[in-house]
$ cat upload_26.pdb   # PDB, C-alpha atoms
MODEL        1
ATOM      1  CA  MET A   1     141.255 192.009  69.318
ATOM      2  CA  LYS A   2     139.186 193.004  66.363
ATOM      3  CA  PHE A   3     138.885 189.591  64.687
ATOM      4  CA  MET A   4     137.480 188.070  67.869
ATOM      5  CA  GLU A   5     134.352 190.141  67.385
ATOM      6  CA  GLU A   6     133.654 188.001  64.330
ATOM      7  CA  LEU A   7     133.807 184.745  66.299
ATOM      8  CA  LYS A   8     130.833 182.847  67.639
ATOM      9  CA  PHE A   9     131.634 180.863  70.737
ATOM     10  CA  ASP A  10     129.039 178.204  71.603
ATOM     11  CA  SER A  11     126.803 178.090  74.677
ATOM     12  CA  GLN A  12     129.752 176.783  76.708
ATOM     13  CA  GLY A  13     132.006 179.575  75.444
ATOM     14  CA  LEU A  14     133.942 177.254  73.139
ATOM     15  CA  ILE A  15     134.957 177.176  69.502
ATOM     16  CA  PRO A  16     136.496 174.181  67.695
ATOM     17  CA  ALA A  17     140.029 174.682  66.398
ATOM     18  CA  ILE A  18     141.369 172.475  63.629
ATOM     19  CA  VAL A  19     145.134 172.086  63.931
ATOM     20  CA  GLN A  20     146.950 171.536  60.657
ATOM     21  CA  ASP A  21     150.635 171.017  59.946
ATOM     22  CA  TYR A  22     151.963 174.185  58.353
ATOM     23  CA  ASP A  23     154.436 172.424  56.107
ATOM     24  CA  ASP A  24     152.591 169.474  54.615
ATOM     25  CA  GLY A  25     148.943 170.198  55.415
ATOM     26  CA  GLU A  26     148.273 167.045  57.445
ATOM     27  CA  ILE A  27     145.451 167.452  59.947
ATOM     28  CA  LEU A  28     146.944 166.835  63.351
ATOM     29  CA  MET A  29     144.013 167.220  65.760
ATOM     30  CA  LEU A  30     140.900 169.130  66.707
ATOM     31  CA  ALA A  31     140.466 170.721  70.123
ATOM     32  CA  TYR A  32     138.406 173.508  71.652
ATOM     33  CA  MET A  33     139.367 177.032  72.624
ATOM     34  CA  ASN A  34     137.600 179.526  74.815
ATOM     35  CA  LYS A  35     138.348 183.218  74.617
ATOM     36  CA  GLU A  36     141.064 183.008  77.258
ATOM     37  CA  SER A  37     142.914 180.119  75.598
ATOM     38  CA  LEU A  38     142.744 181.861  72.226
ATOM     39  CA  GLU A  39     144.183 185.019  73.757
ATOM     40  CA  LYS A  40     146.930 182.950  75.364
ATOM     41  CA  THR A  41     147.619 181.261  72.027
ATOM     42  CA  MET A  42     147.944 184.656  70.361
ATOM     43  CA  ALA A  43     150.166 186.019  73.137
ATOM     44  CA  THR A  44     152.551 183.069  73.442
ATOM     45  CA  GLY A  45     152.635 181.755  69.868
ATOM     46  CA  ARG A  46     151.887 178.261  71.177
ATOM     47  CA  THR A  47     148.507 176.557  70.987
ATOM     48  CA  CYS A  48     146.466 176.615  74.157
ATOM     49  CA  PHE A  49     143.038 175.002  74.453
ATOM     50  CA  TRP A  50     140.230 174.578  76.912
ATOM     51  CA  ARG A  51     140.421 170.954  77.948
ATOM     52  CA  ARG A  52     136.832 169.931  78.439
ATOM     53  CA  SER A  53     137.656 166.717  80.289
ATOM     54  CA  LEU A  54     139.724 168.570  82.876
ATOM     55  CA  GLY A  55     137.876 171.872  82.899
ATOM     56  CA  ARG A  56     141.019 173.958  82.621
ATOM     57  CA  LEU A  57     143.362 175.661  80.179
ATOM     58  CA  TRP A  58     145.736 173.275  78.484
ATOM     59  CA  THR A  59     148.853 174.309  76.624
ATOM     60  CA  LYS A  60     149.456 171.542  74.112
ATOM     61  CA  GLY A  61     152.812 169.986  75.001
ATOM     62  CA  GLU A  62     152.881 171.200  78.605
ATOM     63  CA  GLN A  63     153.548 167.647  79.767
ATOM     64  CA  SER A  64     155.305 166.113  76.754
ATOM     65  CA  GLY A  65     157.271 169.154  75.638
ATOM     66  CA  HIS A  66     155.709 168.724  72.208
ATOM     67  CA  PHE A  67     154.442 172.268  71.827
ATOM     68  CA  GLN A  68     152.818 173.571  68.672
ATOM     69  CA  GLU A  69     154.324 176.763  67.266
ATOM     70  CA  VAL A  70     151.568 178.820  65.691
ATOM     71  CA  LYS A  71     152.261 179.944  62.139
ATOM     72  CA  GLU A  72     148.845 181.135  60.929
ATOM     73  CA  ILE A  73     145.288 181.434  62.233
ATOM     74  CA  PHE A  74     142.169 181.502  60.052
ATOM     75  CA  PHE A  75     138.458 181.538  60.852
ATOM     76  CA  ASP A  76     135.556 180.414  58.739
ATOM     77  CA  CYS A  77     132.641 182.126  57.008
ATOM     78  CA  ASP A  78     130.295 181.597  59.954
ATOM     79  CA  GLY A  79     132.928 182.556  62.517
ATOM     80  CA  ASP A  80     132.309 179.344  64.418
ATOM     81  CA  THR A  81     135.477 177.387  63.625
ATOM     82  CA  LEU A  82     139.182 178.200  63.782
ATOM     83  CA  LEU A  83     141.967 176.771  61.649
ATOM     84  CA  VAL A  84     145.422 176.950  63.211
ATOM     85  CA  LYS A  85     148.477 176.073  61.148
ATOM     86  CA  VAL A  86     151.393 174.988  63.287
ATOM     87  CA  LYS A  87     154.850 173.552  63.442
ATOM     88  CA  GLN A  88     154.519 170.454  65.637
ATOM     89  CA  LEU A  89     157.516 170.020  67.936
ATOM     90  CA  GLY A  90     158.496 166.427  68.650
ATOM     91  CA  GLY A  91     156.937 165.341  65.370
ATOM     92  CA  ALA A  92     153.654 164.030  66.756
ATOM     93  CA  ALA A  93     150.453 165.653  68.007
ATOM     94  CA  CYS A  94     148.570 162.657  69.368
ATOM     95  CA  HIS A  95     148.970 161.503  72.959
ATOM     96  CA  THR A  96     149.018 157.927  71.622
ATOM     97  CA  GLY A  97     152.315 158.643  69.846
ATOM     98  CA  TYR A  98     150.880 158.900  66.348
ATOM     99  CA  ARG A  99     151.716 161.976  64.358
ATOM    100  CA  SER A 100     148.046 162.786  63.786
ATOM    101  CA  CYS A 101     145.061 161.971  65.980
ATOM    102  CA  PHE A 102     143.348 160.770  62.790
ATOM    103  CA  PHE A 103     145.258 157.500  62.502
ATOM    104  CA  ARG A 104     142.195 155.317  61.958
ATOM    105  CA  LYS A 105     140.774 155.087  58.457
ATOM    106  CA  VAL A 106     137.349 153.677  57.724
ATOM    107  CA  ASN A 107     137.458 150.809  55.233
ATOM    108  CA  LYS A 108     134.902 149.385  52.826
ATOM    109  CA  GLU A 109     133.642 146.831  55.306
ATOM    110  CA  GLY A 110     132.665 149.639  57.676
ATOM    111  CA  LYS A 111     135.505 148.707  60.001
ATOM    112  CA  TYR A 112     138.792 150.580  60.171
ATOM    113  CA  ASP A 113     142.522 150.218  59.634
ATOM    114  CA  ILE A 114     145.352 151.836  61.557
ATOM    115  CA  VAL A 115     147.143 153.923  58.963
ATOM    116  CA  GLY A 116     149.265 156.217  61.115
ATOM    117  CA  GLU A 117     152.844 155.671  62.117
ATOM    118  CA  LYS A 118     153.989 155.850  65.727
ATOM    119  CA  VAL A 119     156.464 158.654  66.239
ATOM    120  CA  PHE A 120     157.031 158.229  69.962
ATOM    121  CA  ASP A 121     156.345 155.845  72.828
ATOM    122  CA  PRO A 122     153.724 157.440  75.096
ATOM    123  CA  GLY A 123     155.102 155.534  78.081
ATOM    124  CA  LYS A 124     158.388 157.377  77.754
ATOM    125  CA  VAL A 125     157.008 160.801  76.891
ATOM    126  CA  TYR A 126     154.341 160.971  79.571
ATOM    127  CA  LYS A 127     156.283 159.929  82.626
ATOM    128  CA  LYS A 128     154.350 159.241  85.770
ATOM    129  CA  LYS A 129     155.034 161.662  88.553
TER     130      LYS A 129
ATOM    131  CA  MET B   1     128.809 149.638  60.961
ATOM    132  CA  LYS B   2     131.586 148.557  63.203
ATOM    133  CA  PHE B   3     133.604 151.805  63.224
ATOM    134  CA  MET B   4     130.573 153.772  64.354
ATOM    135  CA  GLU B   5     130.743 151.998  67.693
ATOM    136  CA  GLU B   6     133.997 153.875  68.266
ATOM    137  CA  LEU B   7     132.385 157.285  67.729
ATOM    138  CA  LYS B   8     131.176 159.602  70.443
ATOM    139  CA  PHE B   9     128.325 161.808  69.335
ATOM    140  CA  ASP B  10     127.680 164.776  71.617
ATOM    141  CA  SER B  11     124.585 165.443  73.730
ATOM    142  CA  GLN B  12     122.776 166.632  70.603
ATOM    143  CA  GLY B  13     123.794 163.511  68.678
ATOM    144  CA  LEU B  14     126.370 165.373  66.589
ATOM    145  CA  ILE B  15     130.025 164.969  65.711
ATOM    146  CA  PRO B  16     132.166 167.601  63.937
ATOM    147  CA  ALA B  17     133.493 166.603  60.524
ATOM    148  CA  ILE B  18     136.504 168.374  59.061
ATOM    149  CA  VAL B  19     136.337 168.396  55.267
ATOM    150  CA  GLN B  20     139.698 168.422  53.518
ATOM    151  CA  ASP B  21     140.535 168.472  49.836
ATOM    152  CA  TYR B  22     141.818 165.032  48.883
ATOM    153  CA  ASP B  23     144.301 166.286  46.325
ATOM    154  CA  ASP B  24     146.061 169.228  47.926
ATOM    155  CA  GLY B  25     145.092 168.994  51.589
ATOM    156  CA  GLU B  26     143.381 172.382  51.867
ATOM    157  CA  ILE B  27     140.788 172.536  54.626
ATOM    158  CA  LEU B  28     137.501 173.350  52.951
ATOM    159  CA  MET B  29     135.000 173.516  55.828
ATOM    160  CA  LEU B  30     133.781 172.044  59.073
ATOM    161  CA  ALA B  31     130.210 170.857  59.547
ATOM    162  CA  TYR B  32     128.349 168.471  61.826
ATOM    163  CA  MET B  33     127.043 164.980  61.203
ATOM    164  CA  ASN B  34     124.558 162.931  63.128
ATOM    165  CA  LYS B  35     124.386 159.179  62.762
ATOM    166  CA  GLU B  36     121.854 159.359  59.958
ATOM    167  CA  SER B  37     123.853 161.854  57.885
ATOM    168  CA  LEU B  38     127.013 159.808  58.353
ATOM    169  CA  GLU B  39     125.200 156.686  57.171
ATOM    170  CA  LYS B  40     123.878 158.603  54.174
ATOM    171  CA  THR B  41     127.401 159.880  53.438
ATOM    172  CA  MET B  42     128.697 156.310  53.531
ATOM    173  CA  ALA B  43     125.860 155.017  51.360
ATOM    174  CA  THR B  44     125.919 157.703  48.680
ATOM    175  CA  GLY B  45     129.610 158.637  48.590
ATOM    176  CA  ARG B  46     128.647 162.308  48.929
ATOM    177  CA  THR B  47     128.937 164.322  52.124
ATOM    178  CA  CYS B  48     125.712 164.806  54.048
ATOM    179  CA  PHE B  49     125.513 166.795  57.276
ATOM    180  CA  TRP B  50     123.046 167.769  59.941
ATOM    181  CA  ARG B  51     122.390 171.427  59.340
ATOM    182  CA  ARG B  52     121.937 172.868  62.786
ATOM    183  CA  SER B  53     120.439 176.149  61.581
ATOM    184  CA  LEU B  54     117.723 174.353  59.620
ATOM    185  CA  GLY B  55     117.308 171.282  61.791
ATOM    186  CA  ARG B  56     117.452 168.867  58.880
ATOM    187  CA  LEU B  57     119.772 166.680  56.827
ATOM    188  CA  TRP B  58     121.749 168.630  54.268
ATOM    189  CA  THR B  59     123.570 167.082  51.350
ATOM    190  CA  LYS B  60     126.362 169.510  50.566
ATOM    191  CA  GLY B  61     125.721 170.777  47.048
ATOM    192  CA  GLU B  62     122.022 169.945  46.979
ATOM    193  CA  GLN B  63     121.247 173.513  45.916
ATOM    194  CA  SER B  64     124.438 174.545  44.132
ATOM    195  CA  GLY B  65     125.273 171.219  42.502
ATOM    196  CA  HIS B  66     128.701 171.456  44.135
ATOM    197  CA  PHE B  67     128.683 168.040  45.755
ATOM    198  CA  GLN B  68     131.646 166.610  47.621
ATOM    199  CA  GLU B  69     132.744 163.152  46.486
ATOM    200  CA  VAL B  70     134.033 161.240  49.484
ATOM    201  CA  LYS B  71     137.473 159.703  49.029
ATOM    202  CA  GLU B  72     138.470 158.749  52.590
ATOM    203  CA  ILE B  73     137.052 158.966  56.115
ATOM    204  CA  PHE B  74     139.143 159.001  59.296
ATOM    205  CA  PHE B  75     138.257 159.419  62.972
ATOM    206  CA  ASP B  76     140.411 160.632  65.812
ATOM    207  CA  CYS B  77     141.885 159.058  68.943
ATOM    208  CA  ASP B  78     138.952 160.116  71.113
ATOM    209  CA  GLY B  79     136.355 159.157  68.512
ATOM    210  CA  ASP B  80     134.792 162.595  68.738
ATOM    211  CA  THR B  81     135.863 164.123  65.413
ATOM    212  CA  LEU B  82     135.697 162.951  61.804
ATOM    213  CA  LEU B  83     138.033 163.856  58.959
ATOM    214  CA  VAL B  84     136.551 163.475  55.498
ATOM    215  CA  LYS B  85     138.763 163.813  52.441
ATOM    216  CA  VAL B  86     136.818 164.808  49.354
ATOM    217  CA  LYS B  87     136.892 165.890  45.765
ATOM    218  CA  GLN B  88     135.020 169.210  45.717
ATOM    219  CA  LEU B  89     132.863 169.543  42.618
ATOM    220  CA  GLY B  90     132.547 173.086  41.259
ATOM    221  CA  GLY B  91     135.882 173.991  42.791
ATOM    222  CA  ALA B  92     134.565 175.759  45.886
ATOM    223  CA  ALA B  93     133.088 174.609  49.181
ATOM    224  CA  CYS B  94     131.994 177.909  50.705
ATOM    225  CA  HIS B  95     128.561 179.379  50.051
ATOM    226  CA  THR B  96     130.267 182.776  49.705
ATOM    227  CA  GLY B  97     132.039 181.543  46.561
ATOM    228  CA  TYR B  98     135.456 181.077  48.122
ATOM    229  CA  ARG B  99     137.131 177.739  47.685
ATOM    230  CA  SER B 100     137.523 177.270  51.436
ATOM    231  CA  CYS B 101     135.358 178.616  54.239
ATOM    232  CA  PHE B 102     138.622 179.664  55.933
ATOM    233  CA  PHE B 103     139.293 182.652  53.696
ATOM    234  CA  ARG B 104     139.979 185.090  56.558
ATOM    235  CA  LYS B 105     143.445 185.096  58.055
ATOM    236  CA  VAL B 106     144.250 186.789  61.348
ATOM    237  CA  ASN B 107     147.027 189.351  61.029
ATOM    238  CA  LYS B 108     149.508 190.790  63.504
ATOM    239  CA  GLU B 109     147.262 193.705  64.416
ATOM    240  CA  GLY B 110     144.597 191.266  65.584
ATOM    241  CA  LYS B 111     142.454 192.138  62.584
ATOM    242  CA  TYR B 112     142.163 189.938  59.511
ATOM    243  CA  ASP B 113     142.839 189.862  55.787
ATOM    244  CA  ILE B 114     140.832 188.159  53.070
ATOM    245  CA  VAL B 115     143.233 185.636  51.593
ATOM    246  CA  GLY B 116     140.902 183.374  49.628
ATOM    247  CA  GLU B 117     140.046 183.668  45.981
ATOM    248  CA  LYS B 118     136.463 183.722  44.748
ATOM    249  CA  VAL B 119     135.708 180.738  42.563
ATOM    250  CA  PHE B 120     132.068 181.472  41.835
ATOM    251  CA  ASP B 121     129.464 184.194  42.173
ATOM    252  CA  PRO B 122     126.965 183.137  44.853
ATOM    253  CA  GLY B 123     124.236 185.181  43.192
ATOM    254  CA  LYS B 124     124.438 182.975  40.129
ATOM    255  CA  VAL B 125     124.896 179.643  41.866
ATOM    256  CA  TYR B 126     122.143 180.051  44.454
ATOM    257  CA  LYS B 127     119.272 181.213  42.327
ATOM    258  CA  LYS B 128     116.162 182.416  44.056
ATOM    259  CA  LYS B 129     113.127 180.268  43.502
TER     260      LYS B 129
ENDMDL
END
$ encode --input "upload_26.pdb" --output "structure tokens"
Amino acid sequence: MKFMEELKFDSQGLIPAIVQDYDDGEILMLAYMNKESLEKTMATGRTCFWRRSLGRLWTKGEQSGHFQEVKEIFFDCDGDTLLVKVKQLGGAACHTGYRSCFFRKVNKEGKYDIVGEKVFDPGKVYKKK
Amino acid sequence: MKFMEELKFDSQGLIPAIVQDYDDGEILMLAYMNKESLEKTMATGRTCFWRRSLGRLWTKGEQSGHFQEVKEIFFDCDGDTLLVKVKQLGGAACHTGYRSCFFRKVNKEGKYDIVGEKVFDPGKVYKKK
């Protein structure tokens, strides 16, 4: 696809993708795509990433059912970051059960507060096989 | 600072920082911080990054005067991404003059459209010395 020619994947073939809620603009997470996962994302309309810790493609929600429906994709001036606006199924993006992965806010003492709200119980969503 | 113990900087000592407009939630840019630039950001209240292309600290706005006033800092579940909410002085974050660096939107043909609006003329803001 034409726009992919504008992208700069890093030395490991990856590009960071910011995932933002389409409706209210909350940042849900950041993950990495390679060319294959981006193509899969475009083809299926659901976010797919390269999961560095597992070394394989990872469709967000494949285990929890909490897929992300892609609404819009943008890329930045340098072509080295993607912005994906999504509808988050299940209401939460984070595997901890928080809506956003960014549920910890730095405070004035240089510590942090938990500011997110738990949407689901990870123990129930990620059932052991 | 205590929260920094939770952060995972990569093999080059960097962590990606998403910069979001504090008021309306628009994603302005993504850049990288090392420990020193994060400490400087915390100390000054203005975003400071590690500019990979130049190999030096870079206070956003140091040339244009378009600083970013830090309102809130968050970090994600894995501790490997920062989210910084800012007030963008000058109205635009991108060196091209667009408000957001993500001014190119992928369309159905796999090409892209320019969807951002130019806030300033880069030729006037970045004067040659």
$ atom_distance --input "upload_26.pdb" --atom1 "CA of Leu30 in chain A" --atom2 "CA of Cys101 in chain A"
8.3 Å
$ axis_aligned_box --input "upload_26.pdb" --around "range 20-35 of chain B" --padding-each-side "5 Å" --output "lines of an AutoDock Vina configuration file"
center_x = 135.2
center_y = 166.3
center_z = 54.7
size_x = 31.7
size_y = 24.3
size_z = 26.8
$ interface_residues --input "upload_26.pdb" --of "chain B" --to "chain A" --cutoff "7 Å" --atoms "all atoms listed in the file" --output "PyMOL selection string"
chain B and resi 1-3+25-26+73-77+101-106+110-112
$ residues_around --input "upload_26.pdb" --residues "Gly123 in chain A" --least-positions-apart "2" --cutoff "12 Å" --atoms "only C-alpha atoms" --output "short mmCIF file (atom, residue, chain, number, x, y, z; two decimals) with C-alpha atoms, in the coordinates of the input"
data_model
loop_
_atom_site.label_atom_id
_atom_site.label_comp_id
_atom_site.auth_asym_id
_atom_site.auth_seq_id
_atom_site.Cartn_x
_atom_site.Cartn_y
_atom_site.Cartn_z
CA SER A 64 155.30 166.11 76.75
CA HIS A 95 148.97 161.50 72.96
CA THR A 96 149.02 157.93 71.62
CA GLY A 97 152.32 158.64 69.85
CA PHE A 120 157.03 158.23 69.96
CA ASP A 121 156.34 155.84 72.83
CA VAL A 125 157.01 160.80 76.89
CA TYR A 126 154.34 160.97 79.57
CA LYS A 127 156.28 159.93 82.63
CA LYS A 128 154.35 159.24 85.77
#
$ calpha_fit_and_write --input "upload_26.pdb" --fixed "chain A" --moving "chain B" --output "tab-separated table (two decimals) with C-alpha atoms, in the coordinates of the input"
chain	number	residue	atom	x	y	z
B	1	MET	CA	141.24	192.00	69.31
B	2	LYS	CA	139.19	193.01	66.36
B	3	PHE	CA	138.88	189.59	64.69
B	4	MET	CA	137.48	188.07	67.86
B	5	GLU	CA	134.35	190.15	67.40
B	6	GLU	CA	133.66	188.01	64.33
B	7	LEU	CA	133.80	184.75	66.30
B	8	LYS	CA	130.83	182.86	67.65
B	9	PHE	CA	131.64	180.86	70.74
B	10	ASP	CA	129.05	178.22	71.61
B	11	SER	CA	126.80	178.10	74.68
B	12	GLN	CA	129.74	176.80	76.71
B	13	GLY	CA	132.01	179.58	75.44
B	14	LEU	CA	133.95	177.26	73.14
B	15	ILE	CA	134.95	177.19	69.50
B	16	PRO	CA	136.49	174.18	67.70
B	17	ALA	CA	140.02	174.69	66.39
B	18	ILE	CA	141.36	172.47	63.63
B	19	VAL	CA	145.13	172.08	63.93
B	20	GLN	CA	146.94	171.53	60.65
B	21	ASP	CA	150.62	171.02	59.95
B	22	TYR	CA	151.96	174.19	58.36
B	23	ASP	CA	154.43	172.43	56.10
B	24	ASP	CA	152.57	169.50	54.60
B	25	GLY	CA	148.93	170.20	55.41
B	26	GLU	CA	148.26	167.06	57.45
B	27	ILE	CA	145.44	167.46	59.95
B	28	LEU	CA	146.94	166.83	63.35
B	29	MET	CA	144.01	167.21	65.76
B	30	LEU	CA	140.90	169.13	66.71
B	31	ALA	CA	140.47	170.72	70.12
B	32	TYR	CA	138.41	173.51	71.65
B	33	MET	CA	139.36	177.03	72.62
B	34	ASN	CA	137.60	179.52	74.81
B	35	LYS	CA	138.35	183.21	74.62
B	36	GLU	CA	141.06	183.01	77.25
B	37	SER	CA	142.91	180.13	75.59
B	38	LEU	CA	142.74	181.87	72.22
B	39	GLU	CA	144.19	185.03	73.75
B	40	LYS	CA	146.94	182.96	75.36
B	41	THR	CA	147.62	181.26	72.01
B	42	MET	CA	147.93	184.66	70.36
B	43	ALA	CA	150.16	186.02	73.12
B	44	THR	CA	152.55	183.09	73.42
B	45	GLY	CA	152.63	181.77	69.85
B	46	ARG	CA	151.88	178.27	71.17
B	47	THR	CA	148.50	176.57	70.98
B	48	CYS	CA	146.46	176.62	74.17
B	49	PHE	CA	143.04	175.00	74.46
B	50	TRP	CA	140.23	174.57	76.92
B	51	ARG	CA	140.43	170.95	77.96
B	52	ARG	CA	136.85	169.93	78.44
B	53	SER	CA	137.67	166.71	80.31
B	54	LEU	CA	139.74	168.58	82.89
B	55	GLY	CA	137.89	171.88	82.92
B	56	ARG	CA	141.04	173.96	82.63
B	57	LEU	CA	143.37	175.67	80.17
B	58	TRP	CA	145.75	173.28	78.49
B	59	THR	CA	148.86	174.32	76.62
B	60	LYS	CA	149.45	171.55	74.12
B	61	GLY	CA	152.80	170.01	75.01
B	62	GLU	CA	152.87	171.21	78.60
B	63	GLN	CA	153.54	167.65	79.77
B	64	SER	CA	155.28	166.12	76.76
B	65	GLY	CA	157.27	169.16	75.65
B	66	HIS	CA	155.70	168.73	72.21
B	67	PHE	CA	154.44	172.27	71.83
B	68	GLN	CA	152.81	173.57	68.67
B	69	GLU	CA	154.32	176.76	67.27
B	70	VAL	CA	151.57	178.82	65.69
B	71	LYS	CA	152.26	179.93	62.13
B	72	GLU	CA	148.85	181.13	60.92
B	73	ILE	CA	145.29	181.42	62.23
B	74	PHE	CA	142.17	181.49	60.05
B	75	PHE	CA	138.45	181.54	60.84
B	76	ASP	CA	135.55	180.40	58.73
B	77	CYS	CA	132.63	182.12	56.99
B	78	ASP	CA	130.30	181.60	59.94
B	79	GLY	CA	132.92	182.56	62.52
B	80	ASP	CA	132.30	179.35	64.41
B	81	THR	CA	135.47	177.39	63.62
B	82	LEU	CA	139.18	178.20	63.79
B	83	LEU	CA	141.97	176.77	61.65
B	84	VAL	CA	145.42	176.95	63.21
B	85	LYS	CA	148.47	176.08	61.15
B	86	VAL	CA	151.39	174.98	63.29
B	87	LYS	CA	154.85	173.54	63.45
B	88	GLN	CA	154.51	170.45	65.65
B	89	LEU	CA	157.50	170.03	67.93
B	90	GLY	CA	158.48	166.42	68.65
B	91	GLY	CA	156.94	165.33	65.38
B	92	ALA	CA	153.65	164.03	66.76
B	93	ALA	CA	150.46	165.66	68.00
B	94	CYS	CA	148.57	162.66	69.37
B	95	HIS	CA	148.99	161.50	72.95
B	96	THR	CA	149.02	157.93	71.62
B	97	GLY	CA	152.31	158.64	69.84
B	98	TYR	CA	150.89	158.91	66.34
B	99	ARG	CA	151.71	161.99	64.35
B	100	SER	CA	148.04	162.79	63.78
B	101	CYS	CA	145.06	161.97	65.98
B	102	PHE	CA	143.35	160.76	62.78
B	103	PHE	CA	145.28	157.51	62.49
B	104	ARG	CA	142.19	155.32	61.96
B	105	LYS	CA	140.79	155.10	58.46
B	106	VAL	CA	137.35	153.67	57.72
B	107	ASN	CA	137.47	150.82	55.23
B	108	LYS	CA	134.92	149.38	52.83
B	109	GLU	CA	133.65	146.83	55.33
B	110	GLY	CA	132.68	149.64	57.69
B	111	LYS	CA	135.53	148.69	60.01
B	112	TYR	CA	138.80	150.59	60.18
B	113	ASP	CA	142.53	150.22	59.63
B	114	ILE	CA	145.36	151.84	61.54
B	115	VAL	CA	147.15	153.93	58.95
B	116	GLY	CA	149.28	156.22	61.10
B	117	GLU	CA	152.86	155.65	62.11
B	118	LYS	CA	153.99	155.84	65.72
B	119	VAL	CA	156.46	158.65	66.24
B	120	PHE	CA	157.02	158.23	69.96
B	121	ASP	CA	156.34	155.85	72.82
B	122	PRO	CA	153.73	157.43	75.10
B	123	GLY	CA	155.10	155.52	78.08
B	124	LYS	CA	158.38	157.37	77.76
B	125	VAL	CA	157.01	160.80	76.91
B	126	TYR	CA	154.33	160.94	79.60
B	127	LYS	CA	156.26	159.88	82.64
B	128	LYS	CA	154.34	159.19	85.80
B	129	LYS	CA	155.04	161.57	88.61
$ atom_distance --input "upload_26.pdb" --atom1 "CA of Lys40 in chain A" --atom2 "CA of Arg99 in chain A"
24.2 Å
$ resolve_selection --input "upload_26.pdb" --expression "the PyMOL selection byres ((chain A and resi 71) around 9)" --output "PyMOL selection string"
chain A and resi 22+45+69-70+72-73+84-87
$ atom_distance --input "upload_26.pdb" --atom1 "CA of Phe49 in chain A" --atom2 "CA of Leu38 in chain B"
27.3 Å
$ residues_around --input "upload_26.pdb" --residues "Thr59 in chain A" --least-positions-apart "4" --cutoff "10 Å" --atoms "all atoms listed in the file" --output "list in words"
Ser37, Lys40, Thr41, Arg46, Thr47, Cys48, Phe49, Trp50, Arg51, Gln63, Gly65, His66, Phe67 and Gln68 of chain A
$ resolve_selection --input "upload_26.pdb" --expression "the PyMOL selection byres ((chain A and resi 10) around 12)" --output "list in words"
Leu7, Lys8, Phe9, Ser11, Gln12, Gly13, Leu14, Ile15, Pro16, Tyr32, Met33, Asn34, Lys35, Gly79, Asp80 and Thr81 of chain A
$ decode --input "upload_26.pdb" --residues "range 71-85 of chain A" --atoms "C-alpha atoms" --output "compact mmCIF listing (two decimals), in the first residue's frame"
# COMPACT_ATOMS: atom_id res chain seq x y z
CA LYS A 71 -11.77 3.58 12.92
CA GLU A 72 -8.86 5.70 11.63
CA ILE A 73 -5.11 5.39 11.09
CA PHE A 74 -2.69 8.32 10.98
CA PHE A 75 1.09 8.54 10.73
CA ASP A 76 3.40 11.30 11.81
CA CYS A 77 5.65 13.80 10.05
CA ASP A 78 8.72 11.57 10.32
CA GLY A 79 6.80 8.43 9.36
CA ASP A 80 8.08 6.65 12.44
CA THR A 81 4.94 6.51 14.59
CA LEU A 82 1.37 5.41 13.95
CA LEU A 83 -1.79 6.67 15.61
CA VAL A 84 -4.72 4.26 15.52
CA LYS A 85 -8.15 5.41 16.65
